[in-house]
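Structure data follow from query-v5.pdb (PDB, C-alpha atoms):
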```
MODEL        1
ATOM      1  CA  MET R 694     148.827 131.002  57.640
ATOM      2  CA  THR R 695     151.646 130.718  60.114
ATOM      3  CA  SER R 696     151.350 128.794  63.314
ATOM      4  CA  SER R 697     151.446 132.048  65.268
ATOM      5  CA  SER R 698     148.382 133.380  63.431
ATOM      6  CA  ARG R 699     146.258 130.283  63.943
ATOM      7  CA  PRO R 700     143.381 130.641  66.408
ATOM      8  CA  PRO R 701     144.072 128.923  69.704
ATOM      9  CA  ALA R 702     142.686 125.415  69.970
ATOM     10  CA  ARG R 703     139.416 125.294  71.868
ATOM     11  CA  LYS R 704     139.860 123.594  75.191
ATOM     12  CA  ARG R 705     137.537 120.715  75.863
ATOM     13  CA  VAL R 706     135.480 121.382  78.934
ATOM     14  CA  ARG R 707     135.523 118.476  81.360
ATOM     15  CA  ALA R 708     133.036 118.249  84.187
ATOM     16  CA  PRO R 709     133.564 114.851  85.817
ATOM     17  CA  GLU R 710     131.491 115.694  88.887
ATOM     18  CA  ALA R 711     128.620 116.962  86.754
ATOM     19  CA  HIS R 712     128.778 113.796  84.655
ATOM     20  CA  ARG R 713     128.864 111.641  87.791
ATOM     21  CA  GLU R 714     125.806 113.323  89.269
ATOM     22  CA  ALA R 715     123.917 113.074  85.977
ATOM     23  CA  ILE R 716     124.703 109.347  85.825
ATOM     24  CA  LEU R 717     123.567 108.832  89.422
ATOM     25  CA  ASP R 718     120.315 110.723  88.808
ATOM     26  CA  ALA R 719     119.651 108.679  85.671
ATOM     27  CA  ALA R 720     120.485 105.458  87.504
ATOM     28  CA  ARG R 721     118.096 106.227  90.369
ATOM     29  CA  ALA R 722     115.302 106.872  87.890
ATOM     30  CA  ALA R 723     116.034 103.757  85.830
ATOM     31  CA  PHE R 724     116.342 101.447  88.855
ATOM     32  CA  ALA R 725     113.156 102.884  90.364
ATOM     33  CA  GLU R 726     111.168 102.424  87.144
ATOM     34  CA  ARG R 727     112.596  99.151  85.843
ATOM     35  CA  GLY R 728     114.167  97.485  88.855
ATOM     36  CA  TYR R 729     117.744  96.367  89.266
ATOM     37  CA  ALA R 730     117.556  93.335  86.971
ATOM     38  CA  ARG R 731     115.968  95.060  83.955
ATOM     39  CA  ALA R 732     117.767  98.425  84.004
ATOM     40  CA  THR R 733     120.854  98.509  81.786
ATOM     41  CA  ILE R 734     124.034 100.579  81.692
ATOM     42  CA  ARG R 735     123.273 101.619  78.114
ATOM     43  CA  GLU R 736     119.833 102.881  79.086
ATOM     44  CA  ILE R 737     121.245 104.802  82.058
ATOM     45  CA  ALA R 738     123.956 106.348  79.875
ATOM     46  CA  GLY R 739     121.310 107.502  77.397
ATOM     47  CA  ARG R 740     119.244 109.103  80.142
ATOM     48  CA  ALA R 741     122.333 110.892  81.477
ATOM     49  CA  GLY R 742     123.472 112.069  78.042
ATOM     50  CA  VAL R 743     126.848 110.351  78.304
ATOM     51  CA  THR R 744     128.501 107.342  76.727
ATOM     52  CA  HIS R 745     128.385 103.780  77.996
ATOM     53  CA  GLY R 746     132.161 103.924  78.437
ATOM     54  CA  LEU R 747     131.972 106.997  80.658
ATOM     55  CA  VAL R 748     129.532 105.257  82.998
ATOM     56  CA  MET R 749     131.897 102.303  83.274
ATOM     57  CA  ARG R 750     134.865 104.631  83.798
ATOM     58  CA  HIS R 751     133.134 106.259  86.769
ATOM     59  CA  PHE R 752     131.609 103.163  88.386
ATOM     60  CA  GLY R 753     133.169 100.058  86.879
ATOM     61  CA  SER R 754     130.042  97.900  86.778
ATOM     62  CA  LYS R 755     126.274  97.964  86.979
ATOM     63  CA  GLU R 756     126.448  96.541  90.499
ATOM     64  CA  ARG R 757     128.726  99.272  91.821
ATOM     65  CA  LEU R 758     126.616 101.927  90.109
ATOM     66  CA  PHE R 759     123.528 100.500  91.782
ATOM     67  CA  LEU R 760     125.157 100.592  95.219
ATOM     68  CA  ALA R 761     126.329 104.168  94.642
ATOM     69  CA  ALA R 762     122.932 105.337  93.434
ATOM     70  CA  VAL R 763     120.469 103.857  95.910
ATOM     71  CA  PRO R 764     120.244 104.223  99.700
ATOM     72  CA  GLY R 765     121.724 101.490 101.822
ATOM     73  CA  THR R 766     125.313 100.341 101.775
ATOM     74  CA  ARG R 767     126.516 103.734 100.546
ATOM     75  CA  ASP R 768     125.700 105.049 104.052
ATOM     76  CA  LEU R 769     128.116 102.652 105.757
ATOM     77  CA  PRO R 770     131.166 104.967 105.719
ATOM     78  CA  GLU R 771     129.153 107.425 107.820
ATOM     79  CA  LEU R 772     127.598 104.756 110.058
ATOM     80  CA  VAL R 773     130.634 102.650 110.943
ATOM     81  CA  PRO R 774     132.991 105.181 112.590
ATOM     82  CA  GLY R 775     132.564 105.290 116.363
ATOM     83  CA  PRO R 776     133.095 103.095 119.404
ATOM     84  CA  PRO R 777     133.383  99.430 118.300
ATOM     85  CA  GLY R 778     131.334  98.371 121.337
ATOM     86  CA  THR R 779     128.224 100.163 120.066
ATOM     87  CA  LEU R 780     128.660  99.182 116.404
ATOM     88  CA  PRO R 781     126.015  96.391 116.587
ATOM     89  CA  ASP R 782     123.494  98.871 118.024
ATOM     90  CA  ARG R 783     124.222 101.422 115.301
ATOM     91  CA  ILE R 784     123.937  98.822 112.549
ATOM     92  CA  ALA R 785     120.705  97.360 113.943
ATOM     93  CA  ARG R 786     118.970 100.720 114.299
ATOM     94  CA  ALA R 787     120.089 102.058 110.921
ATOM     95  CA  PHE R 788     119.083  98.814 109.181
ATOM     96  CA  VAL R 789     115.589  98.656 110.702
ATOM     97  CA  GLU R 790     114.885 102.357 110.202
ATOM     98  CA  ARG R 791     115.990 102.135 106.561
ATOM     99  CA  MET R 792     114.132  98.924 105.773
ATOM    100  CA  GLU R 793     110.902 100.109 107.372
ATOM    101  CA  ARG R 794     110.657 102.783 104.684
ATOM    102  CA  ALA R 795     112.491 100.923 101.896
ATOM    103  CA  ASP R 796     111.099 100.376  98.429
ATOM    104  CA  SER R 797     111.905  97.654  95.930
ATOM    105  CA  GLY R 798     115.136  99.433  95.001
ATOM    106  CA  ASP R 799     116.834  98.715  98.317
ATOM    107  CA  PRO R 800     120.018  96.640  97.791
ATOM    108  CA  PHE R 801     118.907  93.844 100.131
ATOM    109  CA  LEU R 802     115.518  93.498  98.453
ATOM    110  CA  ALA R 803     117.005  93.776  94.973
ATOM    111  CA  LEU R 804     119.506  91.052  95.840
ATOM    112  CA  ILE R 805     116.857  88.692  97.199
ATOM    113  CA  ARG R 806     114.497  89.198  94.266
ATOM    114  CA  SER R 807     117.198  88.920  91.620
ATOM    115  CA  ALA R 808     118.379  85.648  93.197
ATOM    116  CA  ALA R 809     115.036  84.100  92.267
ATOM    117  CA  SER R 810     115.232  85.133  88.607
ATOM    118  CA  ASP R 811     118.900  85.622  87.718
ATOM    119  CA  GLU R 812     121.475  83.797  89.808
ATOM    120  CA  SER R 813     124.483  85.311  88.034
ATOM    121  CA  ALA R 814     123.158  88.863  88.504
ATOM    122  CA  ALA R 815     122.484  88.142  92.177
ATOM    123  CA  THR R 816     125.990  86.761  92.635
ATOM    124  CA  ALA R 817     127.549  89.828  91.023
ATOM    125  CA  LEU R 818     125.449  92.163  93.162
ATOM    126  CA  TYR R 819     126.233  90.244  96.342
ATOM    127  CA  THR R 820     129.950  90.324  95.534
ATOM    128  CA  ALA R 821     129.826  94.099  95.065
ATOM    129  CA  MET R 822     127.830  94.550  98.279
ATOM    130  CA  ARG R 823     130.244  92.374 100.230
ATOM    131  CA  GLN R 824     133.271  94.236  98.898
ATOM    132  CA  SER R 825     131.743  97.616  99.737
ATOM    133  CA  SER R 826     130.698  96.492 103.212
ATOM    134  CA  THR R 827     134.052  94.879 103.955
ATOM    135  CA  GLU R 828     135.905  98.068 103.046
ATOM    136  CA  ALA R 829     133.739 100.048 105.473
ATOM    137  CA  TYR R 830     133.710  97.570 108.364
ATOM    138  CA  ARG R 831     137.432  96.894 108.066
ATOM    139  CA  THR R 832     138.058 100.429 109.362
ATOM    140  CA  VAL R 833     136.896  99.323 112.833
ATOM    141  CA  LEU R 834     137.002  95.522 112.804
ATOM    142  CA  THR R 835     140.370  93.837 112.996
ATOM    143  CA  GLY R 836     141.752  90.361 113.463
ATOM    144  CA  PRO R 837     142.340  87.312 111.254
ATOM    145  CA  ASP R 838     138.638  86.398 111.275
ATOM    146  CA  ALA R 839     137.300  89.904 110.540
ATOM    147  CA  ASP R 840     136.161  88.996 107.013
ATOM    148  CA  GLU R 841     134.290  85.959 108.348
ATOM    149  CA  ARG R 842     132.495  88.084 110.933
ATOM    150  CA  ILE R 843     131.616  90.733 108.354
ATOM    151  CA  ASP R 844     130.203  88.058 106.041
ATOM    152  CA  LEU R 845     128.144  86.573 108.887
ATOM    153  CA  LEU R 846     126.755  90.015 109.632
ATOM    154  CA  GLY R 847     125.702  90.501 105.998
ATOM    155  CA  ALA R 848     124.148  87.037 105.781
ATOM    156  CA  HIS R 849     122.144  87.696 108.938
ATOM    157  CA  LEU R 850     120.811  91.029 107.655
ATOM    158  CA  ILE R 851     119.833  89.442 104.338
ATOM    159  CA  GLY R 852     117.947  86.719 106.228
ATOM    160  CA  VAL R 853     116.051  89.263 108.314
ATOM    161  CA  ALA R 854     115.264  91.298 105.193
ATOM    162  CA  PHE R 855     113.914  88.186 103.452
ATOM    163  CA  SER R 856     111.739  87.126 106.385
ATOM    164  CA  ARG R 857     110.345  90.521 107.365
ATOM    165  CA  TYR R 858     110.315  92.570 104.170
ATOM    166  CA  VAL R 859     109.865  90.011 101.391
ATOM    167  CA  LEU R 860     107.882  87.098 102.841
ATOM    168  CA  ARG R 861     106.243  89.363 105.450
ATOM    169  CA  SER R 862     105.170  86.346 107.466
ATOM    170  CA  GLY R 863     105.964  84.997 110.927
ATOM    171  CA  PRO R 864     106.991  86.444 114.297
ATOM    172  CA  VAL R 865     109.925  88.430 112.896
ATOM    173  CA  ALA R 866     107.649  90.112 110.365
ATOM    174  CA  ALA R 867     105.067  90.898 113.057
ATOM    175  CA  MET R 868     107.579  92.282 115.560
ATOM    176  CA  GLU R 869     107.485  95.957 116.520
ATOM    177  CA  PRO R 870     110.434  97.809 114.927
ATOM    178  CA  GLU R 871     111.950  98.842 118.260
ATOM    179  CA  ARG R 872     111.823  95.252 119.519
ATOM    180  CA  LEU R 873     113.489  94.073 116.316
ATOM    181  CA  VAL R 874     116.262  96.627 116.834
ATOM    182  CA  ARG R 875     116.961  95.194 120.301
ATOM    183  CA  TYR R 876     116.994  91.577 119.127
ATOM    184  CA  LEU R 877     119.074  92.419 116.070
ATOM    185  CA  ALA R 878     121.659  94.339 118.109
ATOM    186  CA  ARG R 879     122.060  91.292 120.352
ATOM    187  CA  THR R 880     122.549  88.814 117.518
ATOM    188  CA  LEU R 881     124.869  91.129 115.606
ATOM    189  CA  ARG R 882     126.983  91.563 118.722
ATOM    190  CA  CYS R 883     127.480  87.793 118.804
ATOM    191  CA  ALA R 884     128.278  87.683 115.078
ATOM    192  CA  LEU R 885     130.866  90.465 115.358
ATOM    193  CA  GLU R 886     132.595  89.091 118.441
ATOM    194  CA  PRO R 887     135.931  87.456 117.538
ATOM    195  CA  LEU R 888     135.961  83.700 117.840
ATOM    196  CA  ASP R 889     138.302  82.515 120.599
ATOM    197  CA  ASP R 890     140.098  79.819 118.619
ATOM    198  CA  ALA R 891     142.449  79.122 121.516
ATOM    199  CA  GLY R 892     139.473  78.591 123.784
ATOM    200  CA  ALA R 893     137.818  76.379 121.182
ATOM    201  CA  GLU R 894     140.960  74.254 120.936
ATOM    202  CA  HIS R 895     141.087  74.037 124.755
ATOM    203  CA  ASP R 896     137.443  72.933 124.869
ATOM    204  CA  ALA R 897     138.053  70.345 122.170
ATOM    205  CA  GLY R 898     141.066  69.036 124.079
ATOM    206  CA  ALA R 899     139.090  68.868 127.304
ATOM    207  CA  GLU R 900     136.290  66.989 125.552
ATOM    208  CA  HIS R 901     138.823  64.556 124.108
ATOM    209  CA  GLU R 902     140.405  63.964 127.516
ATOM    210  CA  ALA R 903     136.975  63.516 129.085
ATOM    211  CA  GLY R 904     136.137  60.961 126.414
ATOM    212  CA  ILE R 905     139.291  59.006 127.191
ATOM    213  CA  GLU R 906     138.490  59.085 130.905
ATOM    214  CA  ASN R 907     134.937  57.884 130.251
ATOM    215  CA  GLU R 908     136.250  55.044 128.119
ATOM    216  CA  ALA R 909     138.679  54.092 130.895
ATOM    217  CA  VAL R 910     135.912  54.127 133.491
ATOM    218  CA  ALA R 911     133.651  52.092 131.246
ATOM    219  CA  GLY R 912     136.439  49.628 130.610
ATOM    220  CA  ALA R 913     137.179  49.291 134.312
ATOM    221  CA  GLY R 914     133.506  48.718 134.999
ATOM    222  CA  ALA R 915     133.329  46.057 132.348
ATOM    223  CA  GLU R 916     136.354  44.283 133.813
ATOM    224  CA  GLU R 917     134.820  44.404 137.297
ATOM    225  CA  GLY R 918     131.577  43.023 135.949
ATOM    226  CA  ASN R 919     133.409  40.151 134.283
ATOM    227  CA  SER R 920     135.570  39.285 137.320
ATOM    228  CA  PRO R 921     134.680  36.165 139.411
ATOM    229  CA  SER R 922     132.622  36.920 142.515
TER     230      SER R 922
ENDMDL
END
```

Turn this file's structure into structure tokens for me.
Amino acid sequence: MTSSSRPPARKRVRAPEAHREAILDAARAAFAERGYARATIREIAGRAGVTHGLVMRHFGSKERLFLAAVPGTRDLPELVPGPPGTLPDRIARAFVERMERADSGDPFLALIRSAASDESAATALYTAMRQSSTEAYRTVLTGPDADERIDLLGAHLIGVAFSRYVLRSGPVAAMEPERLVRYLARTLRCALEPLDDAGAEHDAGAEHEAGIENEAVAGAGAEEGNSPS
């Protein structure tokens, strides 16, 4: 048979978006049933009818798959754009509204609970969450200390999540949601405000000068006290 008479090779059908959605659906089911710590990439791949390698090709890691599959930080690209001055209010309201109806699969709760049982898994998840959040917040937050402010914001939200939604004890846990939104917006505004390093250096210099003056006054007083009457 000549090459011209051979049947054309069958083209392999590729459906990357269909595969991606199947993986996400399988991941949501696995994380909901087994929790973040116990669900595995291999199990999720089996549920989706794809290979382990294809899951990794799409998402890179279990942590990034988790963040893509469950509600939470995946909403940041839609939440962040807007006036920078109202960003703390938008974050506070979205966080409280989401957490009030959250289940155990929420990234903040999964992070807190995995920290108690698997420190390495918690570290990997936190690193992925921080990277995802930084990418989103960096679109509106600028300056040399932007990453520090973003990290402070995340640490504060994790603390509130732990107190109100894990321990469920104390004034923060008992607070009405709308009141929590107002308090949270205020504290986040402080966390996101750039630190005036020049002002801090000025204050430190003023304190140093004041200390020298106080020492001089004290020394003069001591000399007067020791002088003959």

Exercise for the section: For R:Ala720, list every protein, DNA or RNA residue within 8 Å, evaluated using all atoms listed in the file, and leave out those in the same chain fewer than 3 positions away; present the list as a PyMOL selection string. Expected result: chain R and resi 716-717+723-724+737+758-759+762

Handout entry: Separation of atom CA of R:Arg727 from atom CA of R:Ala866, in Å and rounded to one decimal
Key = 26.6 Å

Practice task
In Å, rounded to a single decimal, give me how far atom CA of R:Pro800 is from atom CA of R:Gly836.
Solution key: 27.5 Å

In the coordinate frame of the file, compute which residues have an atom within 10 Å of (124.7, 87.9, 110.6) when using all atoms listed in the file, and state them as an mmCIF file with C-alpha atoms, keeping the file's coordinate frame.
```
data_model
loop_
_atom_site.group_PDB
_atom_site.id
_atom_site.type_symbol
_atom_site.label_atom_id
_atom_site.label_comp_id
_atom_site.auth_asym_id
_atom_site.auth_seq_id
_atom_site.Cartn_x
_atom_site.Cartn_y
_atom_site.Cartn_z
ATOM 1 C CA ARG R 842 132.495 88.084 110.933
ATOM 2 C CA ILE R 843 131.616 90.733 108.354
ATOM 3 C CA ASP R 844 130.203 88.058 106.041
ATOM 4 C CA LEU R 845 128.144 86.573 108.887
ATOM 5 C CA LEU R 846 126.755 90.015 109.632
ATOM 6 C CA GLY R 847 125.702 90.501 105.998
ATOM 7 C CA ALA R 848 124.148 87.037 105.781
ATOM 8 C CA HIS R 849 122.144 87.696 108.938
ATOM 9 C CA LEU R 850 120.811 91.029 107.655
ATOM 10 C CA ILE R 851 119.833 89.442 104.338
ATOM 11 C CA GLY R 852 117.947 86.719 106.228
ATOM 12 C CA VAL R 853 116.051 89.263 108.314
ATOM 13 C CA LEU R 877 119.074 92.419 116.070
ATOM 14 C CA THR R 880 122.549 88.814 117.518
ATOM 15 C CA LEU R 881 124.869 91.129 115.606
ATOM 16 C CA ARG R 882 126.983 91.563 118.722
ATOM 17 C CA CYS R 883 127.480 87.793 118.804
ATOM 18 C CA ALA R 884 128.278 87.683 115.078
ATOM 19 C CA LEU R 885 130.866 90.465 115.358
#
```

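Using only C-alpha atoms, the smallest distance between any of R:Arg875, R:Arg831, R:Arg857, R:His751 and R:Ala711 comes from R:His751.
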
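From atom CA of R:Thr832 back to atom CA of R:Arg791, the distance works out to 22.3 Å.
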
Exercise for the section: List every protein, DNA or RNA residue that has at least one atom no more than 12 Å from (116.0, 93.8, 94.4) in the file's coordinates, counting all atoms listed in the file, and write the result as number ranges by chain. Expected result: R: 724-725, 727-732, 756, 759-760, 763, 795-811, 814-815, 818-819, 851, 854-855, 858-859

Practice task
Let me know the residues the PyMOL selection byres ((chain R and resi 734) around 8) catches in the file above, as a PyMOL selection string.
Solution key: chain R and resi 732-733+735-738+745+748+755

How close does stretch 775-796 of chain R get to stretch 868-874 of chain R? List, as a Markdown table, each residue of stretch 775-796 of chain R within 12 Å, its nearest atom pair and the distance in Å to one decimal, counting all atoms listed in the file.
```
| residue | atom | partner | partner_atom | distance |
| --- | --- | --- | --- | --- |
| R:Pro781 | CA | R:Val874 | CA | 9.8 |
| R:Asp782 | CA | R:Val874 | CA | 7.7 |
| R:Arg783 | CA | R:Val874 | CA | 9.4 |
| R:Ile784 | CA | R:Val874 | CA | 9.1 |
| R:Ala785 | CA | R:Val874 | CA | 5.4 |
| R:Arg786 | CA | R:Val874 | CA | 5.5 |
| R:Ala787 | CA | R:Val874 | CA | 8.9 |
| R:Phe788 | CA | R:Val874 | CA | 8.4 |
| R:Val789 | CA | R:Val874 | CA | 6.5 |
| R:Glu790 | CA | R:Pro870 | CA | 7.9 |
| R:Arg791 | CA | R:Pro870 | CA | 10.9 |
| R:Met792 | CA | R:Pro870 | CA | 9.9 |
| R:Glu793 | CA | R:Pro870 | CA | 7.9 |
| R:Arg794 | CA | R:Pro870 | CA | 11.4 |
```

Writer output for current selection, C-alpha atoms, as a PDB file, keeping the file's coordinate frame:
```pdb
ATOM      1  CA  PRO R 781     126.015  96.391 116.587  1.00  0.00           C
ATOM      2  CA  ASP R 782     123.494  98.871 118.024  1.00  0.00           C
ATOM      3  CA  ARG R 783     124.222 101.422 115.301  1.00  0.00           C
ATOM      4  CA  ILE R 784     123.937  98.822 112.549  1.00  0.00           C
ATOM      5  CA  ALA R 785     120.705  97.360 113.943  1.00  0.00           C
ATOM      6  CA  ARG R 786     118.970 100.720 114.299  1.00  0.00           C
ATOM      7  CA  ALA R 787     120.089 102.058 110.921  1.00  0.00           C
ATOM      8  CA  PHE R 788     119.083  98.814 109.181  1.00  0.00           C
ATOM      9  CA  VAL R 789     115.589  98.656 110.702  1.00  0.00           C
ATOM     10  CA  GLU R 790     114.885 102.357 110.202  1.00  0.00           C
ATOM     11  CA  ARG R 791     115.990 102.135 106.561  1.00  0.00           C
ATOM     12  CA  MET R 792     114.132  98.924 105.773  1.00  0.00           C
ATOM     13  CA  GLU R 793     110.902 100.109 107.372  1.00  0.00           C
ATOM     14  CA  ARG R 794     110.657 102.783 104.684  1.00  0.00           C
TER      15      ARG R 794
END
```

Where is the centre and how long are the edges: axis-aligned box on stretch 859-876 of chain R, 8 Å on each side, Å to one decimal, as AutoDock Vina command-line options:
```
--center_x 111.0 --center_y 91.9 --center_z 110.8 --size_x 27.9 --size_y 29.8 --size_z 34.9
```

Handout entry: Best match for closeness to R:Arg721 among R:Ala761, R:Leu888, R:Leu772, R:Pro709, counting only C-alpha atoms
Key = R:Ala761

Problem - Closest of R:Val833, R:Ala821, R:Leu769, R:Ala708 to R:Gly753 - atom-to-atom distances counting all atoms listed in the file - result: R:Ala821
